[in-house]
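Quick look at protein33.cif (mmCIF, C-alpha atoms):
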data_upload
#
loop_
_atom_site.group_PDB
_atom_site.id
_atom_site.type_symbol
_atom_site.label_atom_id
_atom_site.label_comp_id
_atom_site.auth_asym_id
_atom_site.auth_seq_id
_atom_site.Cartn_x
_atom_site.Cartn_y
_atom_site.Cartn_z
ATOM 1 C CA MET S 1180 0.000 0.000 0.000
ATOM 2 C CA LEU S 1181 1.394 3.363 -1.038
ATOM 3 C CA ASN S 1182 0.764 6.190 1.403
ATOM 4 C CA LYS S 1183 0.141 9.740 0.221
ATOM 5 C CA CYS S 1184 0.480 13.202 1.700
ATOM 6 C CA SER S 1185 -2.761 14.102 3.436
ATOM 7 C CA ASN S 1186 -2.718 17.648 1.976
ATOM 8 C CA CYS S 1187 -1.446 17.442 -1.589
ATOM 9 C CA GLY S 1188 -1.485 13.740 -2.479
ATOM 10 C CA HIS S 1189 2.234 13.307 -3.221
ATOM 11 C CA PRO S 1190 3.267 9.665 -2.819
ATOM 12 C CA VAL S 1191 5.306 8.939 0.313
ATOM 13 C CA ASP S 1192 8.735 7.409 -0.281
ATOM 14 C CA LYS S 1193 10.647 7.592 2.996
ATOM 15 C CA VAL S 1194 13.786 6.053 1.429
ATOM 16 C CA ARG S 1195 14.212 8.588 -1.386
ATOM 17 C CA ASN S 1196 12.530 11.547 0.301
ATOM 18 C CA PRO S 1197 12.687 11.567 4.108
ATOM 19 C CA TYR S 1198 10.950 14.953 4.375
ATOM 20 C CA PHE S 1199 7.615 13.532 5.414
ATOM 21 C CA GLU S 1200 6.114 13.919 8.855
ATOM 22 C CA TYR S 1201 3.937 11.145 10.243
ATOM 23 C CA ASP S 1202 1.072 11.904 12.623
ATOM 24 C CA SER S 1203 0.486 8.815 14.755
ATOM 25 C CA ARG S 1204 -2.886 10.116 15.976
ATOM 26 C CA THR S 1205 -4.431 10.417 12.530
ATOM 27 C CA HIS S 1206 -2.076 7.949 10.761
ATOM 28 C CA GLU S 1207 -1.407 10.471 7.996
ATOM 29 C CA TYR S 1208 1.760 11.706 6.309
ATOM 30 C CA THR S 1209 2.514 15.322 5.413
ATOM 31 C CA CYS S 1210 5.252 16.288 2.933
ATOM 32 C CA GLY S 1211 7.885 18.977 3.490
ATOM 33 C CA PRO S 1212 6.413 21.660 1.198
ATOM 34 C CA CYS S 1213 2.989 21.229 2.838
ATOM 35 C CA LEU S 1214 4.603 21.551 6.282
ATOM 36 C CA GLU S 1215 6.236 24.812 5.160
ATOM 37 C CA THR S 1216 2.914 26.103 3.826
ATOM 38 C CA ILE S 1217 1.161 25.247 7.101
ATOM 39 C CA GLY S 1218 3.920 27.001 9.063
ATOM 40 C CA ASP S 1219 3.779 30.060 6.801
ATOM 41 C CA ASP S 1220 0.009 30.292 7.250
ATOM 42 C CA GLN S 1221 0.361 30.060 11.032
ATOM 43 C CA ARG S 1222 3.036 32.788 11.095
ATOM 44 C CA GLN S 1223 0.910 35.035 8.872
ATOM 45 C CA ASP S 1224 -2.125 34.515 11.118
ATOM 46 C CA MET S 1225 -0.059 35.421 14.202
ATOM 47 C CA TYR S 1226 1.226 38.559 12.461
ATOM 48 C CA ASP S 1227 -2.284 39.580 11.380
ATOM 49 C CA GLN S 1228 -3.571 39.066 14.926
ATOM 50 C CA MET S 1229 -0.730 41.187 16.326
ATOM 51 C CA GLN S 1230 -1.483 43.967 13.826
ATOM 52 C CA TRP S 1231 -5.218 43.833 14.649
ATOM 53 C CA GLU S 1232 -4.495 44.039 18.396
ATOM 54 C CA MET S 1233 -2.110 46.954 17.862
ATOM 55 C CA TYR S 1234 -4.650 48.825 15.711
ATOM 56 C CA HIS S 1235 -7.497 48.341 18.206
ATOM 57 C CA SER S 1236 -5.442 48.909 21.360
ATOM 58 C CA PRO S 1237 -6.822 51.684 23.600
ATOM 59 C CA ASP S 1238 -3.253 52.580 24.619
ATOM 60 C CA MET S 1239 -1.555 52.787 21.240
ATOM 61 C CA ASN S 1240 -4.361 54.581 19.292
ATOM 62 C CA TRP S 1241 -3.171 53.501 15.849
ATOM 63 C CA SER S 1242 -6.652 53.808 14.391
ATOM 64 C CA GLY S 1243 -6.962 57.485 15.251
ATOM 65 C CA ASN S 1244 -10.507 56.939 16.520
ATOM 66 C CA ARG S 1245 -9.779 57.519 20.201
#

Translate this structure into structure tokens?
Amino acid sequence: MLNKCSNCGHPVDKVRNPYFEYDSRTHEYTCGPCLETIGDDQRQDMYDQMQWEMYHSPDMNWSGNR
């Protein structure tokens, strides 16, 4: 049975390409590029949240509405 990446469907070949992460809870593999994409999305979400908090902060007044 050939396993595939749970996000993009790339076939898993741990001998030729060891850049797959295995989740033992869900029994799914994730390839390296998908892991990078997930990490990039998480970092972007954290940055957006920080910017939103800074804009709406009552102390910093970045919005100019206070």

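Restricting the calculation to only C-alpha atoms, the smallest distance between Cys1210 (chain S) and any of S:Arg1222, S:Met1239, S:Tyr1198, S:Glu1232 is found for S:Tyr1198.
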
Residues near Cys1187 (chain S), cut-off 10 Å, all atoms listed in the file, skip fewer than 3 positions along chain, as number ranges by chain | S: 1183-1184, 1190, 1209-1210, 1212-1213

Selection: 12 Å around Gly1211 (chain S), all atoms listed in the file, excl. self and same-chain fewer than 6 positions, as a ChimeraX atom specification = /S:1184-1187,1189,1191,1193,1196-1201,1217-1218

What does the distance from CA of Leu1214 (chain S) to CA of Gln1228 (chain S) come to in Å, to one decimal?
-> 21.2 Å

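For the pair CA of Asp1202 (chain S) and CA of Glu1215 (chain S), the separation is 15.8 Å.
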